[in-house]
Every structure is written in C-alpha cells, then in structure tokens.
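Note: the block below is entry33.txt and it holds compact mmCIF, C-alpha atoms.
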# COMPACT_ATOMS: atom_id res chain seq x y z
CA MET B 1 -77.30 -29.37 35.12
CA PRO B 2 -78.53 -32.23 37.38
CA GLY B 3 -77.86 -35.63 35.91
CA SER B 4 -75.63 -34.24 33.17
CA VAL B 5 -72.27 -35.82 32.42
CA SER B 6 -69.22 -33.65 31.79
CA PRO B 7 -67.74 -34.27 28.36
CA GLN B 8 -64.59 -36.38 28.42
CA LEU B 9 -61.46 -34.49 27.50
CA SER B 10 -59.20 -36.23 25.03
CA PHE B 11 -55.52 -36.53 25.93
CA ASP B 12 -54.80 -34.00 23.17
CA GLU B 13 -56.73 -31.36 25.11
CA LEU B 14 -54.55 -31.68 28.22
CA GLY B 15 -51.63 -29.33 28.80
CA THR B 16 -50.86 -26.07 27.00
CA PRO B 17 -52.08 -26.16 23.36
CA LEU B 18 -49.23 -25.47 20.94
CA ARG B 19 -51.28 -22.81 19.18
CA GLU B 20 -51.21 -20.77 22.43
CA VAL B 21 -47.45 -21.05 23.01
CA THR B 22 -45.09 -18.17 22.30
CA PHE B 23 -41.70 -19.36 21.06
CA VAL B 24 -38.56 -17.22 21.03
CA VAL B 25 -36.17 -18.78 18.54
CA LEU B 26 -32.67 -17.61 19.39
CA ASP B 27 -29.18 -17.91 18.00
CA LEU B 28 -25.87 -16.68 19.40
CA GLU B 29 -22.52 -16.10 17.80
CA THR B 30 -19.58 -16.33 20.20
CA THR B 31 -15.78 -16.19 20.35
CA GLY B 32 -15.64 -19.92 21.08
CA GLY B 33 -17.43 -22.94 22.49
CA SER B 34 -17.08 -22.49 26.25
CA ALA B 35 -19.69 -20.50 28.16
CA ASN B 36 -17.16 -20.07 30.98
CA THR B 37 -14.23 -18.67 29.01
CA ASP B 38 -15.69 -17.35 25.74
CA ALA B 39 -18.01 -14.41 25.04
CA ILE B 40 -21.11 -13.56 22.99
CA THR B 41 -20.53 -11.44 19.88
CA GLU B 42 -24.02 -11.42 18.32
CA ILE B 43 -27.59 -12.17 19.36
CA GLY B 44 -30.52 -12.83 17.04
CA ALA B 45 -34.01 -13.82 18.15
CA VAL B 46 -37.40 -14.21 16.49
CA LYS B 47 -40.66 -14.40 18.44
CA VAL B 48 -43.50 -16.47 16.93
CA ARG B 49 -46.92 -17.58 18.16
CA GLY B 50 -49.48 -19.72 16.38
CA GLY B 51 -47.28 -19.75 13.28
CA GLU B 52 -47.28 -15.93 13.11
CA HIS B 53 -44.28 -13.63 13.35
CA VAL B 54 -44.50 -11.45 16.48
CA GLY B 55 -41.17 -9.64 16.64
CA GLU B 56 -37.40 -9.76 16.23
CA LEU B 57 -34.34 -8.74 18.20
CA ALA B 58 -30.83 -8.47 16.77
CA THR B 59 -27.63 -6.86 17.95
CA LEU B 60 -23.89 -7.19 17.80
CA VAL B 61 -22.16 -7.37 21.18
CA ASP B 62 -18.72 -6.07 22.10
CA PRO B 63 -17.12 -8.89 24.11
CA GLY B 64 -14.23 -6.71 25.23
CA THR B 65 -11.76 -8.98 23.49
CA GLY B 66 -10.65 -9.82 19.97
CA VAL B 67 -12.38 -12.36 17.73
CA PRO B 68 -10.18 -15.40 16.97
CA PRO B 69 -9.29 -15.86 13.28
CA ALA B 70 -11.11 -19.20 13.07
CA ILE B 71 -14.34 -17.55 14.28
CA VAL B 72 -13.88 -14.66 11.82
CA ALA B 73 -13.56 -17.22 9.03
CA LEU B 74 -16.71 -19.02 10.19
CA THR B 75 -19.02 -16.08 10.91
CA GLY B 76 -17.47 -13.10 9.12
CA ILE B 77 -17.71 -11.13 12.39
CA THR B 78 -14.47 -9.21 12.91
CA THR B 79 -13.09 -7.36 15.89
CA ALA B 80 -13.58 -4.10 13.99
CA MET B 81 -17.28 -4.86 13.44
CA ILE B 82 -18.03 -5.30 17.14
CA SER B 83 -15.84 -2.48 18.39
CA GLY B 84 -18.25 0.15 19.67
CA ALA B 85 -21.20 -2.26 19.84
CA PRO B 86 -23.06 -2.38 23.18
CA ARG B 87 -21.51 -4.49 25.92
CA LEU B 88 -23.40 -7.53 27.21
CA PRO B 89 -24.56 -5.96 30.52
CA ALA B 90 -26.44 -3.35 28.48
CA VAL B 91 -27.98 -5.93 26.12
CA LEU B 92 -28.82 -8.79 28.46
CA PRO B 93 -31.86 -7.20 30.23
CA THR B 94 -33.47 -6.55 26.83
CA VAL B 95 -32.91 -10.16 25.80
CA LEU B 96 -34.41 -11.47 29.04
CA GLU B 97 -37.44 -9.22 28.62
CA PHE B 98 -37.86 -10.50 25.05
CA LEU B 99 -37.83 -14.05 26.46
CA ARG B 100 -40.37 -13.36 29.19
CA GLY B 101 -43.30 -15.78 29.13
CA SER B 102 -41.92 -17.68 26.15
CA VAL B 103 -40.35 -21.02 25.32
CA LEU B 104 -36.69 -20.62 24.38
CA VAL B 105 -35.95 -22.47 21.14
CA ALA B 106 -32.52 -22.94 19.62
CA HIS B 107 -30.67 -25.38 17.43
CA ASN B 108 -28.36 -27.21 19.83
CA ALA B 109 -30.15 -25.34 22.59
CA PRO B 110 -27.83 -26.38 25.47
CA PHE B 111 -25.12 -24.23 23.85
CA ASP B 112 -27.21 -21.06 23.54
CA ALA B 113 -29.06 -21.47 26.84
CA GLY B 114 -25.75 -22.25 28.57
CA PHE B 115 -24.16 -19.02 27.35
CA LEU B 116 -27.16 -16.93 28.44
CA ARG B 117 -27.33 -18.63 31.84
CA ALA B 118 -23.60 -18.12 32.41
CA ALA B 119 -23.93 -14.47 31.34
CA CYS B 120 -26.70 -13.92 33.89
CA GLU B 121 -24.56 -15.41 36.65
CA ARG B 122 -21.58 -13.33 35.60
CA HIS B 123 -23.49 -10.04 35.54
CA GLY B 124 -25.69 -10.53 38.60
CA LEU B 125 -28.99 -11.17 36.79
CA VAL B 126 -31.49 -13.92 37.57
CA TRP B 127 -31.77 -16.57 34.87
CA PRO B 128 -35.55 -16.97 34.38
CA ARG B 129 -35.31 -20.69 33.61
CA PRO B 130 -37.66 -20.69 30.60
CA PRO B 131 -38.78 -23.98 29.05
CA VAL B 132 -36.11 -24.87 26.48
CA LEU B 133 -36.72 -26.72 23.21
CA CYS B 134 -33.85 -27.97 21.07
CA THR B 135 -34.77 -28.25 17.38
CA ALA B 136 -31.85 -30.62 16.77
CA ARG B 137 -33.21 -33.06 19.36
CA LEU B 138 -36.75 -32.58 18.11
CA ALA B 139 -35.62 -33.34 14.56
CA ARG B 140 -33.94 -36.53 15.72
CA ALA B 141 -37.16 -37.53 17.49
CA VAL B 142 -39.41 -36.80 14.50
CA LEU B 143 -37.32 -37.62 11.43
CA SER B 144 -35.86 -40.98 10.51
CA SER B 145 -32.13 -41.32 9.97
CA ASP B 146 -32.86 -42.19 6.34
CA GLU B 147 -34.71 -38.92 5.80
CA ALA B 148 -32.29 -36.82 7.84
CA PRO B 149 -28.84 -38.45 8.17
CA SER B 150 -27.69 -35.18 9.74
CA VAL B 151 -29.67 -32.81 11.95
CA ARG B 152 -27.29 -29.88 11.48
CA LEU B 153 -29.21 -26.67 10.86
CA GLY B 154 -27.84 -26.38 7.34
CA ALA B 155 -28.86 -29.96 6.52
CA LEU B 156 -32.41 -29.46 7.86
CA ALA B 157 -32.74 -26.13 6.06
CA GLN B 158 -31.84 -27.92 2.82
CA LEU B 159 -34.19 -30.81 3.58
CA PHE B 160 -37.14 -28.48 4.21
CA GLY B 161 -36.21 -25.93 1.54
CA THR B 162 -36.26 -22.96 3.92
CA THR B 163 -36.39 -19.51 2.37
CA THR B 164 -33.73 -18.26 4.81
CA LYS B 165 -30.40 -20.06 4.62
CA PRO B 166 -28.15 -20.41 7.68
CA THR B 167 -25.04 -18.24 7.39
CA HIS B 168 -23.52 -18.44 10.89
CA ARG B 169 -24.97 -15.00 11.58
CA ALA B 170 -27.36 -14.83 14.50
CA LEU B 171 -30.54 -13.36 13.00
CA ALA B 172 -30.33 -15.33 9.75
CA ASP B 173 -29.79 -18.58 11.64
CA ALA B 174 -32.66 -17.76 14.02
CA ARG B 175 -34.97 -17.11 11.05
CA ALA B 176 -33.92 -20.39 9.42
CA THR B 177 -34.53 -22.19 12.71
CA VAL B 178 -38.06 -20.73 12.84
CA GLU B 179 -38.82 -22.35 9.49
CA VAL B 180 -37.33 -25.65 10.62
CA LEU B 181 -39.36 -25.46 13.85
CA HIS B 182 -42.61 -24.92 11.95
CA ARG B 183 -41.93 -27.85 9.64
CA LEU B 184 -41.16 -30.07 12.62
CA LEU B 185 -44.35 -28.93 14.35
CA GLU B 186 -46.28 -30.08 11.28
CA ARG B 187 -44.73 -33.50 11.74
CA VAL B 188 -45.49 -33.76 15.46
CA GLY B 189 -49.11 -32.85 14.68
CA ASN B 190 -49.28 -36.01 12.61
CA LEU B 191 -48.08 -37.90 15.70
CA GLY B 192 -50.91 -36.47 17.75
CA VAL B 193 -48.69 -34.17 19.81
CA GLN B 194 -50.85 -31.14 20.55
CA SER B 195 -49.49 -29.64 23.78
CA LEU B 196 -46.26 -27.98 24.86
CA GLU B 197 -45.72 -30.60 27.53
CA GLU B 198 -45.94 -33.41 24.98
CA LEU B 199 -43.61 -31.53 22.62
CA LEU B 200 -40.94 -31.05 25.29
CA GLY B 201 -41.29 -34.69 26.31
CA LEU B 202 -40.90 -35.83 22.72
CA ALA B 203 -37.68 -33.84 22.33
CA ARG B 204 -36.32 -35.27 25.59
CA GLU B 205 -37.09 -38.81 24.44
CA SER B 206 -35.31 -38.37 21.12
CA ALA B 207 -33.49 -41.69 21.34
CA PRO B 208 -35.14 -44.08 18.85
CA HIS B 209 -37.10 -46.98 20.25
CA ARG B 210 -39.26 -49.82 18.99
CA PRO B 211 -43.02 -50.21 19.38
CA THR B 212 -43.99 -51.96 22.62
CA GLN B 213 -45.27 -55.52 22.51
CA ALA B 214 -48.75 -54.24 23.40
CA GLN B 215 -48.63 -51.82 20.47
CA ARG B 216 -47.63 -54.59 18.05
CA LYS B 217 -50.39 -56.91 19.28
CA LYS B 218 -53.06 -54.25 18.89
CA ARG B 219 -52.23 -53.30 15.28
CA VAL B 220 -55.21 -55.38 14.19
CA LEU B 221 -57.47 -52.70 15.70
CA ALA B 222 -56.54 -50.39 12.81
CA ALA B 223 -57.83 -52.84 10.21
CA GLY B 224 -60.78 -51.49 8.30
CA VAL B 225 -60.43 -47.90 9.49
CA PRO B 226 -61.33 -45.66 6.51
CA ALA B 227 -58.92 -43.14 4.99
CA ALA B 228 -61.33 -40.25 5.54
CA PRO B 229 -61.79 -37.31 7.92
CA GLY B 230 -63.68 -37.95 11.12
CA VAL B 231 -63.64 -38.95 14.79
CA TYR B 232 -62.10 -42.07 16.30
CA LEU B 233 -62.84 -43.65 19.68
CA PHE B 234 -60.65 -46.20 21.45
CA ARG B 235 -62.85 -48.45 23.63
CA GLY B 236 -61.82 -50.59 26.58
CA PRO B 237 -62.84 -54.08 27.74
CA ARG B 238 -66.15 -52.81 29.20
CA ASP B 239 -66.90 -50.83 26.04
CA GLU B 240 -65.90 -47.65 27.88
CA VAL B 241 -64.39 -44.81 25.84
CA LEU B 242 -60.68 -44.51 26.63
CA TYR B 243 -59.78 -41.85 24.09
CA VAL B 244 -61.50 -39.55 21.61
CA GLY B 245 -59.69 -37.78 18.78
CA THR B 246 -60.11 -36.34 15.31
CA SER B 247 -58.09 -36.56 12.13
CA GLY B 248 -58.24 -35.60 8.49
CA ASP B 249 -57.17 -39.18 7.69
CA LEU B 250 -58.56 -41.66 10.21
CA GLN B 251 -56.65 -44.61 8.82
CA ARG B 252 -53.24 -42.95 9.01
CA ARG B 253 -53.92 -41.46 12.44
CA VAL B 254 -55.15 -44.67 14.05
CA ARG B 255 -52.29 -46.69 12.58
CA SER B 256 -49.79 -44.24 14.11
CA TYR B 257 -50.77 -45.41 17.60
CA PHE B 258 -49.18 -48.78 16.85
CA THR B 259 -45.80 -47.51 15.63
CA SER B 260 -42.61 -46.22 17.25
CA GLY B 261 -43.77 -42.71 16.40
CA GLU B 262 -46.20 -42.84 19.34
CA ARG B 263 -44.01 -41.90 22.32
CA ARG B 264 -46.52 -40.72 24.94
CA ARG B 265 -46.51 -43.19 27.81
CA ARG B 266 -50.12 -42.58 28.83
CA VAL B 267 -51.28 -43.17 25.27
CA ARG B 268 -49.25 -46.37 24.98
CA ASP B 269 -50.88 -47.51 28.22
CA MET B 270 -54.27 -46.69 26.72
CA VAL B 271 -53.48 -48.74 23.60
CA ALA B 272 -52.64 -51.72 25.81
CA LEU B 273 -56.14 -51.53 27.33
CA ALA B 274 -58.05 -50.93 24.10
CA GLU B 275 -60.27 -53.64 22.65
CA ARG B 276 -61.57 -51.89 19.55
CA VAL B 277 -61.58 -48.61 17.64
CA ASP B 278 -64.84 -47.05 16.46
CA THR B 279 -64.89 -44.31 13.82
CA VAL B 280 -67.38 -41.71 12.65
CA VAL B 281 -66.66 -40.46 9.14
CA CYS B 282 -67.30 -36.72 8.69
CA ALA B 283 -67.52 -34.42 5.70
CA HIS B 284 -64.76 -32.09 6.93
CA ALA B 285 -62.60 -31.13 9.93
CA LEU B 286 -65.16 -28.72 11.42
CA GLU B 287 -67.85 -31.39 11.60
CA ALA B 288 -65.30 -33.77 13.15
CA ALA B 289 -64.37 -31.21 15.82
CA VAL B 290 -68.05 -30.65 16.73
CA ARG B 291 -68.71 -34.38 16.92
CA GLU B 292 -65.62 -34.88 19.09
CA LEU B 293 -66.87 -32.31 21.61
CA ARG B 294 -70.30 -33.93 21.69
CA LEU B 295 -68.81 -37.37 22.23

Whole structure given in structure tokens:
Amino acid sequence: MPGSVSPQLSFDELGTPLREVTFVVLDLETTGGSANTDAITEIGAVKVRGGEHVGELATLVDPGTGVPPAIVALTGITTAMISGAPRLPAVLPTVLEFLRGSVLVAHNAPFDAGFLRAACERHGLVWPRPPVLCTARLARAVLSSDEAPSVRLGALAQLFGTTTKPTHRALADARATVEVLHRLLERVGNLGVQSLEELLGLARESAPHRPTQAQRKKRVLAAGVPAAPGVYLFRGPRDEVLYVGTSGDLQRRVRSYFTSGERRRRVRDMVALAERVDTVVCAHALEAAVRELRL
C-alpha cells in the first residue's frame, strides 16, 4: 500500500523459531571412549517438535567384538546380548534418515556426534553435518553453578525430576535427555531466546561472563516497569524504536536485559543505545501479541 510502513520485526522473530525446529535427541552406548578404536553397541533416538513426541528409534548393534567387563558393569549390555544384532552398516542408513532435516541433540554431544561421524567415514557414507546441540553445554549456559553444581545427565534428571531416569541404556537416556532439553528450553525462553540460531549460540557461549558496563549503566531503565503481561519497547536517543517484545511479566523480562543472562551480542548493543523503555500493559498474552504486531 502506498505510504504504508512495514512493521518492524523484533529480534525474537529473526532466525528459525524454536517451535518449528525438529530435534532428534540421541544417545549411544559403545565399547569405549574412542571413536577411532571403539564401536557402537546400542543406539537410541527420540524425535520431538514443538514439545510433541514424533517418533523413536532403538536398536542394539553387533560391533563384531566383545564388550569389555567395565562396560558390561556400566551398561548391562553383554556380548551375548548383541550377538546376532544387526551390524552397523545395516543400521547406519536408518539412523541418518531419522536425523534428516533435524537438529542432533545429545548430552555431551561431541562424543555421540563423533562416533556417528567416524562411522560414516569408516563405512563410506556421507556425514550430513546436522546442527548439533549439547544439552550439557546448554545447561552450563542456562543454570548457575549453585543450582547445578554438576551437569551430568543423572544430576540434571534429578534436578528437574524427570519421569525417565538415565540408566546408561541408549533409549532410556535419550528419553531422559528429551525431558532435560524441554526444561532447559523453558529457561532460555525466559532469557528471550526464541530462535534456533540464538539457542546454538547460547550453548557455544556457555562460559560464564559478567554483564557489560553498558548493561550495568542502563539498569535504571527497568525502574518502574510493572510486573504484568504486556509489550515493551526499547527507544533510542531520537525516540526511535530499537526493539519490540512481549512478556507475561514485563518487569522480570526487562530486567533480564541488564544481567549476565542476556548473551546475544546484537541485543547487548541495542541496550547500549537505549535511552528509555516504554511498556503497554495488556490483559493477557494474546492481546500482547496483537499489540506487538501492530507496533
């Protein structure tokens, strides 16, 4: 329409929305810790999207060798159990197809992704290089050391009270990791992380850091913001709108921009430019979402 102005997109609307991402949460059991010299004995994977269960994959794998006693003691998987199970070349294409178009999630993901990548190289298959998310790193980025002194899967499952307990068996551990992932995604939502790209960046930047000097100076902008649902607008030195967002608790959300929990560089840069924060209190989240689009 002539003379019309396109609505400004908030930073939260950039990238791939998390609700549209398919995650494949995977766990492997192996004969040892080296992807070069050890072999996979069990694969478990759970596919989820938008918080909903989509499918599962689980199989034992015959590695063509015996299972060391220490691994038997840890996992309960014996050489007799895997004798006669399918060999990895027969299983691997199914696993890769299950991963297609998804984000690979695992607890200590470099271990699991490393074994799958090495297996592809060994058996002449192309590793599809999916985006990889490590729930251990994400937990360290989201949870304080006081709340989670350890980010082992068992410790996080206990912290979050997951219904499935890790047992060092692939499918059970994958199911427990799904629950941990969903609880962590609830936390990153409170940090304003709404896209896959932001989520992956947050996990990569899991080393703790302090608020920037600009963030500390601008904390005064959160003064007087009501603890109510609504829309908030960060405004710059010429009264221009720098950022539009919504929250069920405006006070908590706006204050989060001035803490170490805010890790997005472009948002920290925006905070450094901001001169004030305006708010519009709404009756509920739906009204806030409509107002945000209009603004």

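The interatomic distance for the pair CA of Pro166 (chain B) and CA of Ala73 (chain B) works out to 15.0 Å.
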
Practice task
Mind giving me the straight-line distance from CA of Glu20 (chain B) to CA of Gly230 (chain B) in Å, one decimal?
Solution key: 24.1 Å

Exercise for the section: Find the spatial neighbours of region 237-254 of chain B, counting only C-alpha atoms, within a cut-off of 8 Å - ignore same-chain residues fewer than 5 positions away - and output them as an MDAnalysis selection string. Expected result: chainID B and resid 9:12 190:192 222 225:232 270 273:275 279 284:285 288:289 292 295

Output C-alpha atoms for every residue in the selection just made, as a compact mmCIF listing (two decimals), keeping the file's coordinate frame.
# COMPACT_ATOMS: atom_id res chain seq x y z
CA LEU B 9 -61.46 -34.49 27.50
CA SER B 10 -59.20 -36.23 25.03
CA PHE B 11 -55.52 -36.53 25.93
CA ASP B 12 -54.80 -34.00 23.17
CA ASN B 190 -49.28 -36.01 12.61
CA LEU B 191 -48.08 -37.90 15.70
CA GLY B 192 -50.91 -36.47 17.75
CA ALA B 222 -56.54 -50.39 12.81
CA VAL B 225 -60.43 -47.90 9.49
CA PRO B 226 -61.33 -45.66 6.51
CA ALA B 227 -58.92 -43.14 4.99
CA ALA B 228 -61.33 -40.25 5.54
CA PRO B 229 -61.79 -37.31 7.92
CA GLY B 230 -63.68 -37.95 11.12
CA VAL B 231 -63.64 -38.95 14.79
CA TYR B 232 -62.10 -42.07 16.30
CA MET B 270 -54.27 -46.69 26.72
CA LEU B 273 -56.14 -51.53 27.33
CA ALA B 274 -58.05 -50.93 24.10
CA GLU B 275 -60.27 -53.64 22.65
CA THR B 279 -64.89 -44.31 13.82
CA HIS B 284 -64.76 -32.09 6.93
CA ALA B 285 -62.60 -31.13 9.93
CA ALA B 288 -65.30 -33.77 13.15
CA ALA B 289 -64.37 -31.21 15.82
CA GLU B 292 -65.62 -34.88 19.09
CA LEU B 295 -68.81 -37.37 22.23

Handout entry: Nearest to Asp146 (chain B), chosen from B:Ala203, B:Arg183, B:Arg175, B:Leu159, with all atoms listed in the file counted in the distances
Key = B:Leu159

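Remark: for Arg100 (chain B), the closest of the candidate residues B:Arg129, B:Arg255, B:His182, B:Arg152 is B:Arg129 (distances computed over all atoms listed in the file).
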
Give me, as a PDB file with C-alpha atoms, keeping the file's coordinate frame, all polymer residues having an atom no more than 6 Å from region 107-112 of chain B, counting all atoms listed in the file and skipping those fewer than 4 positions away in the same chain.
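The resulting file, result_31.pdb, is shown below:
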ATOM      1  CA  CYS B 134     -33.850 -27.970  21.070  1.00  0.00           C
ATOM      2  CA  THR B 135     -34.770 -28.250  17.380  1.00  0.00           C
ATOM      3  CA  ALA B 136     -31.850 -30.620  16.770  1.00  0.00           C
TER       4      ALA B 136
END

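Taking CA of Pro93 (chain B) and CA of Ile43 (chain B) as endpoints, the distance between them is 12.7 Å.
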
Within 8 Å of (-19.6, -25.9, 27.0) (coordinates as in the file), grab all the protein and nucleic acid residues, counting all atoms listed in the file, and write them out as an mmCIF file with C-alpha atoms, in the coordinates of the input.
data_model
loop_
_atom_site.group_PDB
_atom_site.id
_atom_site.type_symbol
_atom_site.label_atom_id
_atom_site.label_comp_id
_atom_site.auth_asym_id
_atom_site.auth_seq_id
_atom_site.Cartn_x
_atom_site.Cartn_y
_atom_site.Cartn_z
ATOM 1 C CA GLY B 33 -17.430 -22.940 22.490
ATOM 2 C CA SER B 34 -17.080 -22.490 26.250
ATOM 3 C CA ALA B 35 -19.690 -20.500 28.160
ATOM 4 C CA ASN B 36 -17.160 -20.070 30.980
ATOM 5 C CA PHE B 111 -25.120 -24.230 23.850
ATOM 6 C CA GLY B 114 -25.750 -22.250 28.570
#

Residues around (-22.4, -9.2, 19.5), cut-off 10 Å, counting all atoms listed in the file - what are they as a short mmCIF file (atom, residue, chain, number, x, y, z; two decimals) with C-alpha atoms, in the coordinates of the input?
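Wrote it out as point34.cif, contents follow:
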data_model
loop_
_atom_site.label_atom_id
_atom_site.label_comp_id
_atom_site.auth_asym_id
_atom_site.auth_seq_id
_atom_site.Cartn_x
_atom_site.Cartn_y
_atom_site.Cartn_z
CA LEU B 28 -25.87 -16.68 19.40
CA GLU B 29 -22.52 -16.10 17.80
CA THR B 30 -19.58 -16.33 20.20
CA THR B 31 -15.78 -16.19 20.35
CA ALA B 39 -18.01 -14.41 25.04
CA ILE B 40 -21.11 -13.56 22.99
CA THR B 41 -20.53 -11.44 19.88
CA GLU B 42 -24.02 -11.42 18.32
CA ILE B 43 -27.59 -12.17 19.36
CA GLY B 44 -30.52 -12.83 17.04
CA ALA B 58 -30.83 -8.47 16.77
CA THR B 59 -27.63 -6.86 17.95
CA LEU B 60 -23.89 -7.19 17.80
CA VAL B 61 -22.16 -7.37 21.18
CA ASP B 62 -18.72 -6.07 22.10
CA PRO B 63 -17.12 -8.89 24.11
CA ILE B 77 -17.71 -11.13 12.39
CA MET B 81 -17.28 -4.86 13.44
CA ILE B 82 -18.03 -5.30 17.14
CA SER B 83 -15.84 -2.48 18.39
CA ALA B 85 -21.20 -2.26 19.84
CA PRO B 86 -23.06 -2.38 23.18
CA ARG B 87 -21.51 -4.49 25.92
CA LEU B 88 -23.40 -7.53 27.21
CA VAL B 91 -27.98 -5.93 26.12
CA ALA B 170 -27.36 -14.83 14.50
#

Quick one: axis-aligned box around all listed atoms of region 24-28 of chain B, 6 Å on every side, centre and edge lengths in Å to one decimal, written as lines of an AutoDock Vina configuration file.
center_x = -32.2
center_y = -17.7
center_z = 19.5
size_x = 24.7
size_y = 14.1
size_z = 15.0

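With all atoms listed in the file as the atoms that count, the minimum distance from Asp278 (chain B) to the choices B:Leu221, B:Gly76, B:Asp27, B:Glu97 is reached by B:Leu221.
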
Exercise for the section: Name the residues in contact with Thr163 (chain B) at a cut-off of 10 Å, using all atoms listed in the file, excluding same-chain residues fewer than 2 positions from it; report them as a PyMOL selection string. Expected result: chain B and resi 157-158+160-161+165-166+175-176+179

Near-Ala174 (chain B) list (6 Å; all atoms listed in the file; drop same-chain fewer than 5 positions) as a PDB file with C-alpha atoms, in the coordinates of the input:
ATOM      1  CA  VAL B  25     -36.170 -18.780  18.540  1.00  0.00           C
ATOM      2  CA  LEU B  26     -32.670 -17.610  19.390  1.00  0.00           C
ATOM      3  CA  ASP B  27     -29.180 -17.910  18.000  1.00  0.00           C
ATOM      4  CA  ALA B  45     -34.010 -13.820  18.150  1.00  0.00           C
TER       5      ALA B  45
END

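Minimum distance to Pro68 (chain B) across B:Asp38, B:Ser150, B:Val95, B:Arg137 (counting all atoms listed in the file) occurs at B:Asp38.
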